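A.B. asks: upload-v3.cif (mmCIF, C-alpha atoms) pasted underneath:
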```cif
data_coords
loop_
_atom_site.label_atom_id
_atom_site.label_comp_id
_atom_site.auth_asym_id
_atom_site.auth_seq_id
_atom_site.Cartn_x
_atom_site.Cartn_y
_atom_site.Cartn_z
CA MET A 24 -55.55 -13.28 -31.60
CA ALA A 25 -57.74 -13.80 -34.66
CA ASP A 26 -60.16 -16.72 -34.54
CA GLU A 27 -59.28 -19.67 -36.73
CA VAL A 28 -62.35 -21.46 -38.00
CA VAL A 29 -62.20 -24.47 -40.31
CA LEU A 30 -65.17 -26.45 -41.60
CA LEU A 31 -64.75 -29.98 -42.94
CA ASP A 32 -67.80 -30.71 -45.04
CA PHE A 33 -69.29 -32.41 -48.08
CA TRP A 34 -71.19 -30.16 -50.47
CA PRO A 35 -74.46 -32.17 -50.81
CA SER A 36 -74.80 -32.77 -47.06
CA MET A 37 -77.88 -31.10 -45.60
CA PHE A 38 -76.17 -31.38 -42.21
CA GLY A 39 -73.10 -29.52 -43.45
CA MET A 40 -75.34 -26.88 -45.04
CA ARG A 41 -76.80 -26.09 -41.61
CA VAL A 42 -73.35 -25.15 -40.34
CA ARG A 43 -72.54 -23.12 -43.48
CA ILE A 44 -75.75 -21.12 -43.04
CA ALA A 45 -75.08 -20.55 -39.33
CA LEU A 46 -71.56 -19.29 -40.08
CA ALA A 47 -72.93 -17.00 -42.82
CA GLU A 48 -75.67 -15.65 -40.54
CA LYS A 49 -73.05 -14.73 -37.96
CA GLY A 50 -70.66 -13.27 -40.55
CA ILE A 51 -67.85 -15.61 -39.49
CA LYS A 52 -64.86 -16.00 -41.79
CA TYR A 53 -63.79 -19.60 -42.15
CA GLN A 54 -61.81 -22.02 -44.24
CA TYR A 55 -63.93 -24.59 -46.05
CA LYS A 56 -62.42 -28.02 -46.73
CA GLU A 57 -64.28 -30.39 -49.00
CA GLU A 58 -64.04 -34.01 -47.88
CA ASP A 59 -64.09 -37.02 -50.16
CA LEU A 60 -66.14 -39.38 -48.03
CA ARG A 61 -64.65 -42.42 -49.70
CA HIS A 62 -61.13 -41.18 -48.90
CA LYS A 63 -61.44 -39.33 -45.64
CA SER A 64 -58.63 -36.94 -44.77
CA GLU A 65 -56.17 -37.47 -41.94
CA LEU A 66 -57.51 -34.32 -40.35
CA LEU A 67 -61.09 -35.61 -40.27
CA LEU A 68 -60.07 -38.98 -38.86
CA LYS A 69 -57.89 -37.35 -36.22
CA MET A 70 -60.40 -34.67 -35.20
CA ASN A 71 -63.52 -36.86 -35.25
CA PRO A 72 -62.23 -40.32 -34.41
CA VAL A 73 -65.53 -41.44 -32.88
CA HIS A 74 -67.81 -40.93 -35.88
CA LYS A 75 -65.38 -39.94 -38.68
CA GLN A 76 -68.18 -37.81 -40.13
CA ILE A 77 -68.77 -34.37 -41.52
CA PRO A 78 -69.65 -31.66 -40.74
CA LEU A 79 -66.78 -30.98 -38.40
CA LEU A 80 -65.99 -27.51 -37.13
CA ILE A 81 -62.49 -26.82 -35.86
CA HIS A 82 -62.32 -23.60 -33.80
CA ASN A 83 -58.81 -22.56 -32.82
CA GLY A 84 -57.71 -26.16 -33.14
CA LYS A 85 -60.57 -27.65 -31.13
CA PRO A 86 -63.09 -29.92 -32.91
CA VAL A 87 -66.88 -29.75 -32.54
CA CYS A 88 -69.00 -32.52 -34.12
CA GLU A 89 -72.66 -33.14 -35.00
CA SER A 90 -74.40 -30.38 -36.96
CA LEU A 91 -76.96 -29.28 -34.36
CA ILE A 92 -74.34 -29.29 -31.61
CA ILE A 93 -72.07 -27.21 -33.87
CA VAL A 94 -74.88 -24.73 -34.58
CA GLN A 95 -75.60 -24.33 -30.84
CA TYR A 96 -71.89 -23.85 -30.22
CA ILE A 97 -71.68 -21.17 -32.92
CA ASP A 98 -74.73 -19.45 -31.45
CA GLU A 99 -73.24 -19.43 -27.94
CA VAL A 100 -69.74 -18.28 -28.92
CA TRP A 101 -70.71 -15.65 -31.50
CA ASN A 102 -73.62 -14.28 -29.57
CA HIS A 103 -73.27 -10.68 -30.79
CA LYS A 104 -75.71 -10.95 -33.70
CA SER A 105 -78.34 -13.08 -35.43
CA PRO A 106 -79.43 -15.30 -32.55
CA LEU A 107 -80.27 -18.75 -33.86
CA LEU A 108 -81.93 -20.10 -30.72
CA PRO A 109 -84.66 -18.29 -28.77
CA SER A 110 -83.67 -16.58 -25.52
CA ASP A 111 -86.58 -18.05 -23.55
CA PRO A 112 -85.76 -21.51 -22.08
CA TYR A 113 -89.18 -22.95 -22.89
CA GLN A 114 -88.99 -21.75 -26.49
CA ARG A 115 -85.47 -23.16 -26.64
CA ALA A 116 -86.66 -26.58 -25.46
CA HIS A 117 -89.45 -26.42 -28.05
CA ALA A 118 -86.94 -25.53 -30.78
CA ARG A 119 -84.60 -28.36 -29.77
CA PHE A 120 -87.50 -30.81 -29.80
CA TRP A 121 -88.44 -29.99 -33.39
CA ALA A 122 -84.85 -29.84 -34.63
CA ASP A 123 -84.38 -33.27 -33.06
CA PHE A 124 -87.57 -34.45 -34.81
CA VAL A 125 -86.11 -33.31 -38.15
CA ASP A 126 -82.87 -35.15 -37.37
CA ARG A 127 -84.57 -38.36 -36.38
CA LYS A 128 -87.26 -38.53 -39.04
CA VAL A 129 -86.61 -36.40 -42.11
CA TYR A 130 -83.20 -37.62 -43.29
CA GLY A 131 -83.92 -41.35 -43.00
CA VAL A 132 -87.22 -41.32 -44.81
CA GLY A 133 -85.86 -39.13 -47.61
CA ARG A 134 -82.99 -41.51 -48.15
CA LYS A 135 -85.31 -44.51 -48.30
CA LEU A 136 -87.36 -42.71 -50.91
CA TRP A 137 -84.51 -42.48 -53.43
CA ALA A 138 -82.51 -45.55 -52.41
CA THR A 139 -85.24 -48.20 -52.49
CA LYS A 140 -87.73 -49.65 -54.97
CA GLY A 141 -91.10 -51.35 -55.05
CA GLU A 142 -92.91 -52.00 -51.78
CA GLU A 143 -90.12 -50.54 -49.64
CA GLN A 144 -90.28 -47.32 -51.62
CA GLU A 145 -94.09 -47.20 -51.38
CA ALA A 146 -93.87 -47.54 -47.61
CA ALA A 147 -91.18 -44.83 -47.50
CA LYS A 148 -93.38 -42.50 -49.54
CA LYS A 149 -96.29 -43.00 -47.15
CA GLU A 150 -94.02 -42.30 -44.15
CA PHE A 151 -92.50 -39.28 -45.92
CA LEU A 152 -95.91 -37.71 -46.51
CA GLU A 153 -96.92 -38.27 -42.87
CA ILE A 154 -93.73 -36.76 -41.49
CA TYR A 155 -93.94 -33.68 -43.70
CA LYS A 156 -97.63 -33.33 -42.81
CA THR A 157 -96.61 -33.25 -39.13
CA LEU A 158 -94.03 -30.57 -39.88
CA GLU A 159 -96.50 -28.52 -41.89
CA SER A 160 -98.94 -28.75 -38.99
CA GLU A 161 -96.23 -27.49 -36.60
CA LEU A 162 -95.48 -24.59 -38.95
CA GLY A 163 -99.17 -23.64 -39.05
CA GLU A 164 -99.82 -20.04 -39.97
CA LYS A 165 -96.46 -18.81 -38.72
CA PRO A 166 -94.03 -17.25 -41.22
CA TYR A 167 -91.23 -19.39 -39.76
CA PHE A 168 -91.05 -22.39 -37.43
CA GLY A 169 -89.37 -19.98 -35.04
CA GLY A 170 -92.32 -17.60 -35.17
CA GLU A 171 -91.74 -14.14 -36.59
CA THR A 172 -88.08 -14.75 -37.33
CA PHE A 173 -85.92 -17.48 -38.81
CA GLY A 174 -84.58 -19.77 -36.10
CA PHE A 175 -83.10 -23.09 -35.08
CA VAL A 176 -85.87 -25.33 -36.39
CA ASP A 177 -85.98 -23.44 -39.70
CA LEU A 178 -82.22 -23.90 -39.98
CA SER A 179 -82.40 -27.62 -39.25
CA PHE A 180 -85.06 -28.24 -41.89
CA VAL A 181 -84.51 -25.72 -44.70
CA THR A 182 -81.37 -27.47 -45.90
CA PHE A 183 -83.49 -30.37 -47.13
CA TYR A 184 -84.92 -27.98 -49.74
CA SER A 185 -81.99 -28.69 -52.07
CA TRP A 186 -83.08 -32.34 -51.98
CA PHE A 187 -86.77 -31.67 -52.77
CA TYR A 188 -86.33 -32.32 -56.49
CA VAL A 189 -84.78 -35.71 -55.68
CA TYR A 190 -87.70 -36.60 -53.41
CA GLU A 191 -90.28 -35.41 -55.95
CA ASN A 192 -88.63 -37.30 -58.76
CA PHE A 193 -88.25 -40.64 -57.02
CA GLY A 194 -91.42 -40.35 -54.96
CA LYS A 195 -93.43 -39.19 -57.95
CA PHE A 196 -95.28 -36.36 -56.25
CA SER A 197 -95.16 -32.57 -56.14
CA MET A 198 -93.98 -30.87 -52.93
CA GLU A 199 -95.98 -27.78 -53.90
CA ALA A 200 -99.17 -29.77 -54.35
CA GLU A 201 -98.75 -31.85 -51.18
CA PHE A 202 -97.23 -29.22 -48.88
CA PRO A 203 -98.01 -25.70 -50.10
CA GLN A 204 -97.22 -24.13 -46.72
CA ILE A 205 -93.81 -25.77 -46.52
CA VAL A 206 -93.00 -24.62 -50.04
CA ALA A 207 -94.14 -21.07 -49.21
CA TRP A 208 -91.97 -21.17 -46.09
CA VAL A 209 -88.94 -22.36 -48.07
CA LYS A 210 -89.38 -19.54 -50.59
CA ARG A 211 -89.51 -17.09 -47.69
CA CYS A 212 -86.26 -18.55 -46.27
CA MET A 213 -84.59 -18.39 -49.68
CA GLN A 214 -84.94 -14.60 -49.57
CA LYS A 215 -82.19 -14.64 -46.97
CA GLU A 216 -78.77 -14.30 -48.56
CA SER A 217 -77.15 -16.73 -46.15
CA ILE A 218 -79.51 -19.46 -47.34
CA ALA A 219 -79.76 -18.64 -51.04
CA ASN A 220 -75.96 -18.51 -51.27
CA THR A 221 -75.46 -21.75 -49.37
CA LEU A 222 -77.98 -24.25 -50.70
CA PRO A 223 -76.74 -26.16 -53.76
CA ASP A 224 -78.88 -26.25 -56.86
CA GLN A 225 -81.55 -28.97 -56.76
CA LYS A 226 -80.55 -30.32 -60.16
CA LYS A 227 -76.94 -30.70 -59.03
CA ILE A 228 -78.11 -32.72 -56.03
CA TYR A 229 -80.25 -34.85 -58.33
CA GLU A 230 -77.23 -35.59 -60.56
CA PHE A 231 -75.22 -36.42 -57.46
CA VAL A 232 -77.87 -38.94 -56.38
CA LEU A 233 -77.89 -40.55 -59.83
CA GLU A 234 -74.12 -40.98 -59.55
CA LEU A 235 -74.47 -42.37 -56.05
CA LYS A 236 -77.07 -44.90 -57.15
CA LYS A 237 -74.76 -46.03 -59.94
CA ILE A 238 -71.78 -46.38 -57.62
CA PHE A 239 -73.72 -48.35 -55.01
CA GLY A 240 -75.67 -50.39 -57.54
CA LEU A 241 -78.99 -49.01 -56.42
CA GLU A 242 -80.52 -48.53 -59.84
CA MET B 15 -98.30 -17.81 -8.54
CA ALA B 16 -96.76 -20.91 -7.00
CA GLU B 17 -94.63 -22.94 -9.34
CA GLU B 18 -96.11 -26.22 -10.50
CA VAL B 19 -93.79 -28.98 -11.66
CA LEU B 20 -95.16 -32.35 -12.76
CA LEU B 21 -93.17 -35.34 -13.94
CA PHE B 22 -94.80 -38.19 -15.84
CA GLY B 23 -92.59 -41.24 -15.62
CA VAL B 24 -92.27 -44.98 -15.14
CA TRP B 25 -90.56 -46.35 -12.02
CA ALA B 26 -88.39 -48.80 -13.94
CA SER B 27 -87.27 -46.41 -16.68
CA PRO B 28 -83.78 -44.90 -16.63
CA TYR B 29 -85.11 -42.07 -18.80
CA SER B 30 -87.59 -40.81 -16.24
CA ARG B 31 -85.10 -41.38 -13.38
CA ARG B 32 -82.69 -39.05 -15.22
CA VAL B 33 -85.18 -36.23 -14.96
CA GLU B 34 -85.76 -36.96 -11.27
CA LEU B 35 -82.02 -36.76 -10.71
CA ALA B 36 -81.75 -33.43 -12.51
CA LEU B 37 -84.65 -32.01 -10.46
CA LYS B 38 -83.17 -33.32 -7.20
CA LEU B 39 -79.74 -31.84 -7.98
CA LYS B 40 -81.44 -28.47 -8.43
CA GLY B 41 -83.56 -28.91 -5.30
CA VAL B 42 -86.80 -28.51 -7.22
CA ASP B 43 -90.09 -29.69 -5.69
CA TYR B 44 -92.21 -31.70 -8.07
CA LYS B 45 -95.20 -34.01 -8.23
CA TYR B 46 -94.53 -37.42 -9.73
CA ILE B 47 -97.15 -39.26 -11.76
CA GLU B 48 -96.58 -42.93 -12.53
CA GLU B 49 -97.69 -43.88 -16.05
CA ASP B 50 -98.94 -47.27 -17.17
CA LEU B 51 -97.42 -47.58 -20.63
CA THR B 52 -99.95 -50.25 -21.62
CA ASN B 53 -102.70 -47.77 -20.85
CA LYS B 54 -101.36 -44.27 -21.43
CA SER B 55 -103.18 -41.51 -19.63
CA PRO B 56 -105.05 -38.84 -21.61
CA LEU B 57 -102.77 -36.25 -19.97
CA LEU B 58 -99.62 -37.96 -21.29
CA LEU B 59 -101.07 -38.15 -24.80
CA LYS B 60 -102.06 -34.49 -24.55
CA TYR B 61 -98.60 -33.35 -23.41
CA ASN B 62 -96.56 -35.52 -25.79
CA PRO B 63 -98.79 -36.10 -28.82
CA ILE B 64 -95.91 -36.62 -31.27
CA HIS B 65 -93.97 -39.39 -29.51
CA LYS B 66 -96.45 -40.39 -26.76
CA LYS B 67 -93.59 -41.32 -24.45
CA ILE B 68 -92.34 -40.65 -20.96
CA PRO B 69 -90.66 -38.77 -19.41
CA VAL B 70 -92.69 -35.58 -19.72
CA LEU B 71 -92.00 -32.60 -17.51
CA VAL B 72 -94.85 -30.12 -17.17
CA HIS B 73 -93.75 -26.75 -15.82
CA ASN B 74 -96.60 -24.37 -15.01
CA GLY B 75 -98.78 -26.19 -17.54
CA LYS B 76 -96.22 -26.28 -20.34
CA PRO B 77 -94.80 -29.65 -21.43
CA ILE B 78 -91.16 -30.39 -22.14
CA VAL B 79 -90.27 -33.82 -23.44
CA GLU B 80 -87.46 -36.09 -24.53
CA SER B 81 -83.80 -35.25 -24.21
CA GLN B 82 -84.56 -31.52 -24.07
CA VAL B 83 -85.77 -31.82 -20.47
CA ILE B 84 -82.39 -31.92 -18.75
CA GLN B 85 -81.08 -28.83 -20.55
CA TYR B 86 -84.35 -27.05 -19.79
CA ILE B 87 -84.07 -27.86 -16.09
CA ASP B 88 -80.49 -26.56 -16.10
CA GLU B 89 -81.51 -23.31 -17.78
CA ILE B 90 -84.59 -22.56 -15.68
CA TRP B 91 -83.32 -23.37 -12.20
CA GLN B 92 -80.04 -21.83 -11.03
CA GLY B 93 -77.82 -23.42 -8.44
CA TYR B 94 -76.19 -26.75 -9.23
CA PRO B 95 -74.68 -26.60 -12.74
CA ILE B 96 -75.65 -29.63 -14.80
CA LEU B 97 -74.00 -28.41 -17.99
CA PRO B 98 -70.66 -26.59 -17.99
CA LYS B 99 -70.64 -22.82 -18.48
CA ASP B 100 -68.00 -22.77 -21.22
CA PRO B 101 -69.50 -23.15 -24.74
CA TYR B 102 -66.83 -25.63 -25.85
CA GLU B 103 -67.28 -27.79 -22.76
CA ARG B 104 -71.04 -27.64 -23.35
CA ALA B 105 -70.59 -28.86 -26.93
CA ILE B 106 -68.48 -31.76 -25.63
CA ALA B 107 -71.10 -32.65 -22.99
CA ARG B 108 -73.89 -32.58 -25.60
CA PHE B 109 -71.80 -34.77 -27.90
CA TRP B 110 -71.26 -37.47 -25.27
CA ALA B 111 -74.87 -37.37 -24.09
CA LYS B 112 -75.94 -37.97 -27.69
CA PHE B 113 -73.32 -40.71 -28.09
CA ILE B 114 -74.68 -42.55 -25.06
CA ASP B 115 -78.27 -42.24 -26.25
CA ASP B 116 -77.54 -43.12 -29.89
CA LYS B 117 -74.75 -45.69 -29.62
CA CYS B 118 -74.55 -47.20 -26.14
CA LEU B 119 -78.09 -47.64 -24.88
CA PRO B 120 -79.96 -49.02 -27.91
CA GLY B 121 -77.37 -51.78 -28.30
CA ALA B 122 -77.36 -52.51 -24.58
CA PHE B 123 -81.14 -52.88 -24.47
CA LYS B 124 -81.13 -55.02 -27.59
CA ALA B 125 -78.47 -57.26 -26.08
CA TYR B 126 -80.90 -58.21 -23.32
CA LEU B 127 -84.35 -57.51 -24.69
CA GLY B 128 -83.94 -57.94 -28.42
CA GLU B 129 -84.58 -60.88 -30.73
CA GLU B 130 -82.34 -63.89 -29.93
CA LYS B 131 -80.56 -63.78 -33.26
CA GLU B 132 -79.73 -60.08 -32.91
CA ARG B 133 -78.31 -60.27 -29.39
CA GLU B 134 -74.75 -61.35 -30.16
CA LYS B 135 -74.30 -58.53 -32.67
CA ALA B 136 -75.85 -56.08 -30.19
CA VAL B 137 -73.36 -57.18 -27.52
CA GLU B 138 -70.42 -56.58 -29.89
CA GLU B 139 -71.72 -53.15 -30.90
CA THR B 140 -72.31 -52.16 -27.30
CA TRP B 141 -68.83 -53.28 -26.28
CA GLU B 142 -67.33 -51.10 -29.03
CA ALA B 143 -69.37 -48.12 -27.92
CA LEU B 144 -68.59 -48.65 -24.23
CA LYS B 145 -64.88 -48.89 -25.08
CA ILE B 146 -65.04 -45.42 -26.62
CA LEU B 147 -66.89 -44.12 -23.57
CA GLU B 148 -64.32 -45.72 -21.25
CA GLU B 149 -61.57 -43.82 -23.08
CA GLU B 150 -63.46 -40.55 -22.72
CA LEU B 151 -63.76 -41.00 -18.95
CA LYS B 152 -59.96 -41.07 -18.58
CA GLU B 153 -58.94 -40.44 -14.92
CA LYS B 154 -61.96 -38.30 -14.10
CA ARG B 155 -64.15 -39.16 -11.15
CA PHE B 156 -67.25 -38.31 -13.15
CA PHE B 157 -67.79 -37.41 -16.82
CA GLY B 158 -68.63 -33.96 -15.45
CA GLY B 159 -65.27 -33.78 -13.66
CA GLU B 160 -65.33 -33.56 -9.88
CA SER B 161 -69.10 -33.60 -9.73
CA ILE B 162 -72.01 -35.22 -11.55
CA GLY B 163 -72.93 -33.50 -14.78
CA MET B 164 -75.25 -34.03 -17.73
CA VAL B 165 -73.26 -36.88 -19.25
CA ASP B 166 -73.26 -38.78 -15.93
CA ILE B 167 -77.01 -38.28 -15.64
CA VAL B 168 -77.59 -39.55 -19.17
CA ALA B 169 -75.33 -42.54 -18.46
CA ASN B 170 -77.44 -43.63 -15.46
CA ALA B 171 -78.62 -46.75 -17.31
CA ILE B 172 -75.01 -47.84 -17.75
CA ALA B 173 -74.27 -47.33 -14.05
CA PHE B 174 -77.29 -49.14 -12.66
CA TRP B 175 -79.52 -50.86 -15.20
CA LEU B 176 -76.74 -52.88 -16.84
CA GLY B 177 -75.87 -54.44 -13.48
CA VAL B 178 -79.53 -55.28 -12.96
CA PHE B 179 -79.80 -56.85 -16.44
CA GLU B 180 -76.75 -58.96 -15.65
CA GLU B 181 -78.24 -60.28 -12.43
CA ALA B 182 -81.59 -60.91 -14.05
CA SER B 183 -80.17 -62.80 -17.01
CA GLY B 184 -76.72 -64.07 -16.07
CA VAL B 185 -75.22 -62.34 -19.11
CA LYS B 186 -72.43 -59.90 -18.28
CA LEU B 187 -71.86 -56.83 -20.45
CA LEU B 188 -70.02 -54.29 -18.30
CA THR B 189 -67.16 -56.35 -16.89
CA ARG B 190 -64.36 -54.97 -14.72
CA GLU B 191 -61.75 -56.59 -16.97
CA LYS B 192 -63.00 -54.88 -20.09
CA PHE B 193 -64.13 -51.61 -18.51
CA PRO B 194 -62.23 -50.83 -15.31
CA LYS B 195 -62.85 -47.08 -15.46
CA LEU B 196 -66.57 -47.36 -16.26
CA THR B 197 -66.93 -49.93 -13.48
CA ASN B 198 -65.32 -47.57 -10.95
CA TRP B 199 -67.39 -44.68 -12.23
CA SER B 200 -70.59 -46.78 -11.88
CA HIS B 201 -69.82 -47.41 -8.19
CA GLU B 202 -69.09 -43.71 -7.58
CA PHE B 203 -72.27 -42.71 -9.35
CA VAL B 204 -74.71 -45.07 -7.65
CA SER B 205 -73.11 -44.39 -4.24
CA SER B 206 -73.81 -40.68 -4.48
CA ILE B 207 -76.49 -39.66 -1.97
CA VAL B 208 -78.60 -37.76 -4.50
CA VAL B 209 -78.41 -40.51 -7.11
CA LYS B 210 -79.46 -43.16 -4.57
CA GLU B 211 -82.76 -41.32 -4.13
CA CYS B 212 -83.34 -41.49 -7.89
CA LEU B 213 -82.87 -45.17 -8.49
CA PRO B 214 -85.57 -47.82 -8.42
CA PRO B 215 -85.33 -50.45 -5.67
CA ARG B 216 -82.74 -52.91 -6.98
CA GLU B 217 -84.40 -56.19 -6.04
CA LYS B 218 -87.73 -55.05 -7.42
CA LEU B 219 -86.04 -54.04 -10.68
CA ILE B 220 -84.19 -57.35 -10.96
CA ALA B 221 -87.45 -59.23 -10.46
CA TYR B 222 -89.17 -57.03 -13.03
CA PHE B 223 -86.52 -57.72 -15.68
CA ARG B 224 -86.19 -61.37 -14.83
CA ASN B 225 -89.85 -61.54 -15.65
CA ARG B 226 -89.40 -59.63 -18.90
CA PHE B 227 -86.47 -61.80 -19.96
CA GLY B 228 -88.79 -64.79 -19.77
CA GLY B 229 -87.52 -66.24 -16.53
CA ALA B 230 -84.87 -68.34 -18.31
CA ASN B 231 -82.45 -67.73 -15.46
CA ALA B 232 -84.93 -67.48 -12.61
CA SER B 233 -83.34 -69.20 -9.69
CA LYS B 234 -85.82 -68.12 -7.04
#
```
Show me this structure written as structure tokens.
C.D. replies:
Amino acid sequence: MADEVVLLDFWPSMFGMRVRIALAEKGIKYQYKEEDLRHKSELLLKMNPVHKQIPLLIHNGKPVCESLIIVQYIDEVWNHKSPLLPSDPYQRAHARFWADFVDRKVYGVGRKLWATKGEEQEAAKKEFLEIYKTLESELGEKPYFGGETFGFVDLSFVTFYSWFYVYENFGKFSMEAEFPQIVAWVKRCMQKESIANTLPDQKKIYEFVLELKKIFGLE
Amino acid sequence: MAEEVLLFGVWASPYSRRVELALKLKGVDYKYIEEDLTNKSPLLLKYNPIHKKIPVLVHNGKPIVESQVIQYIDEIWQGYPILPKDPYERAIARFWAKFIDDKCLPGAFKAYLGEEKEREKAVEETWEALKILEEELKEKRFFGGESIGMVDIVANAIAFWLGVFEEASGVKLLTREKFPKLTNWSHEFVSSIVVKECLPPREKLIAYFRNRFGGANASK
């Protein structure tokens, strides 16, 4: 029986992008369904009743939620090529730690940077710079967070690249100037087809954010 | 080389007791080091420089921290399966463990330890989250099925600490009327021989939290 794989997603979501990249890396054919987050589909509400969020992977009718959980699932089921997590348990724990760090810290601070003004925004910028400095320190001299090859932590973080222009614009700083190693790492990642073909254009994301700010009265 | 396993924890913390439970289920020998969180040891700060928190497991000199510990223990030591073998079941277990950590526990702690004005809202949020968890339990003996699994381990605070908070403060969160299945599960869980060894002494914990709650309901 052929596998049926469906992905419910939202094009600007850096969490959804992680799953798209993982599926591309593994060469998995799937059906992509774009969700309108202000009018969520019956399918999304039925398959993810707890959080009602994207990304949502449906594999042969069974739903898997939360982007990093989905990526681990994909890695475990389609384990014939392109391993996303290391095989060594200690390295795996290390990778999960940093992917969890990205989840807990990177999204929130980025959002505050473009959604707030004045003092709140200044504080967000300071936090943003500290968090990225920590990540750059973890990257060190390695070509990837995973070491010699692209891995789980790289996957969890690289999807924020499409949002860099937004952060630079609202935070009024240059990613290249502040974090040259992160920018070099991103460029290295972008040489991979699965990533270059998945990440939306930075300008498109910027336009999306402008729309969002208008809709939510955040100007 | 003999294996060296260290666990940095705090006697009253459900998070460090989780790790103890996982190690005990696997039959792993370890050395426990009690941390004073008001005066963190140089070793703790060295092993967890990013978050500076317990629990920290140190296996042959290498630190593993946070929620990654339980999965690490399951992968390193064979024997008792903490996570299921099937990838889909594993994804489900990870989902519920995250749900408990993200949605159930923060609200529960805030309901008892948070600012006065935030407590009522925290109680409501926790009730909603616990209701979802109650539905997930269904007719199973444990979240892991017939035996204790990762989700049960992660839910240890619900099984034991909530009852302690209730006795220390007089405020009930996990009632039998609202949560019959979770209540039954709690009894099953804390009655298990292995779990009993990984719980703090109840009276001592009640006294500790009564103190932290400000002694408003101290009847001693």
A.B. asks: Taking only C-alpha atoms into account, name the residue in B:Gly228, B:Gly41, B:Gly158, B:Pro214 that is nearest to B:Ile106.
C.D. replies: B:Gly158
A.B. asks: With the cut-off set at 10 Å and counting only C-alpha atoms, tabulate each residue of chain A with an atom at most that distance from an atom of chain B, showing the nearest atom pair and its distance in Å to one decimal, ordered by chain and increasing number, as CSV.
C.D. replies:
```
residue,atom,partner,partner_atom,distance
A:Pro72,CA,B:Ile146,CA,9.7
A:Val73,CA,B:Ile146,CA,7.4
A:His74,CA,B:Phe113,CA,9.5
A:His82,CA,B:Tyr102,CA,9.4
A:Lys85,CA,B:Tyr102,CA,8.4
A:Pro86,CA,B:Tyr102,CA,9.1
A:Val87,CA,B:Ala105,CA,6.8
A:Cys88,CA,B:Phe109,CA,7.2
A:Glu89,CA,B:Phe109,CA,7.3
A:Leu91,CA,B:Ala105,CA,9.8
A:Ile92,CA,B:Ala105,CA,6.0
A:Ile93,CA,B:Ala105,CA,7.3
A:Val94,CA,B:Ala105,CA,9.7
A:Gln95,CA,B:Ala105,CA,7.8
A:Tyr96,CA,B:Pro101,CA,6.0
A:Ile97,CA,B:Pro101,CA,8.7
A:Asp98,CA,B:Pro101,CA,9.3
A:Glu99,CA,B:Pro101,CA,6.2
A:Val100,CA,B:Pro101,CA,6.4
A:Asp111,CA,B:Ile90,CA,9.3
A:Pro112,CA,B:Tyr86,CA,6.2
A:Tyr113,CA,B:Tyr86,CA,7.1
A:Gln114,CA,B:Tyr86,CA,9.7
A:Arg115,CA,B:Tyr86,CA,8.0
A:Ala116,CA,B:Gln82,CA,5.5
A:His117,CA,B:Ile78,CA,7.3
A:Ala118,CA,B:Gln82,CA,9.3
A:Arg119,CA,B:Gln82,CA,6.5
A:Phe120,CA,B:Gln82,CA,6.5
A:Asp123,CA,B:Ser81,CA,9.1
A:Phe124,CA,B:Ile64,CA,9.3
A:Thr157,CA,B:Ile64,CA,8.6
```
A.B. asks: On this structure, the PyMOL selection byres ((chain B and resi 175-185) around 6) would catch which residues? List them as a ChimeraX atom specification, sorted by chain and number.
C.D. replies: /B:171-172,174,186,220,224,231
A.B. asks: Which residues match the PyMOL selection byres ((chain B and resi 47) around 7) in the file above, as a ChimeraX atom specification?
C.D. replies: /B:21-23,45-46,48-49
A.B. asks: Just C-alpha atoms for this one: save the residues we selected as a CSV table (one decimal), in the frame of the given file.
C.D. replies:
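This is the output file part34.csv:
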```
chain,number,residue,atom,x,y,z
B,21,LEU,CA,-93.2,-35.3,-13.9
B,22,PHE,CA,-94.8,-38.2,-15.8
B,23,GLY,CA,-92.6,-41.2,-15.6
B,45,LYS,CA,-95.2,-34.0,-8.2
B,46,TYR,CA,-94.5,-37.4,-9.7
B,48,GLU,CA,-96.6,-42.9,-12.5
B,49,GLU,CA,-97.7,-43.9,-16.0
```
A.B. asks: Can you measure atom CA of A:Pro106 to atom CA of A:Phe173 for me? One decimal in Å is fine.
C.D. replies: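 Atom CA of A:Pro106 sits 9.3 Å away from atom CA of A:Phe173.
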A.B. asks: Separation of atom CA of B:Leu213 and atom CA of B:Asn53, in Å?
C.D. replies: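 Atom CA of B:Asn53 lies 23.5 Å from atom CA of B:Leu213.
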A.B. asks: Go through A:Ser217, A:Gly163, A:Leu31, A:Tyr190 one by one, measure the shortest atom-to-atom distance of each to A:Tyr130 using all atoms listed in the file, and give the residue with the smallest value.
C.D. replies: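 Of A:Ser217, A:Gly163, A:Leu31, A:Tyr190, the one nearest A:Tyr130, counting all atoms listed in the file, is A:Tyr190.
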A.B. asks: For each of A:Leu241, A:Asn192, A:Ala219, A:Glu27, take the minimum atom-to-atom distance to A:Met40, counting only C-alpha atoms, then give the residue where this is smallest.
C.D. replies: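 Nearest candidate to A:Met40 out of A:Leu241, A:Asn192, A:Ala219, A:Glu27: A:Ala219.
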A.B. asks: In Å to one decimal, how far is atom CA of A:Met70 from atom CA of B:Phe203?
C.D. replies: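 Distance reported for this atom pair: 29.6 Å.
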A.B. asks: Which residue is closest to B:Glu149? Choose from B:Pro215, B:Gly128, B:Pro120, B:Pro194 and count all atoms listed in the file.
C.D. replies: B:Pro194
A.B. asks: Could you tell me which of A:Gly240, A:Pro166, A:Gly194, A:Pro78 comes closest to A:Pro35 if we count all atoms listed in the file?
C.D. replies: A:Pro78
A.B. asks: Between B:Phe157, B:Val204, B:Pro98, B:Val137, which residue has the minimum interatomic distance to B:Trp110, considering all atoms listed in the file?
C.D. replies: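 Closest to B:Trp110, using all atoms listed in the file: B:Phe157.
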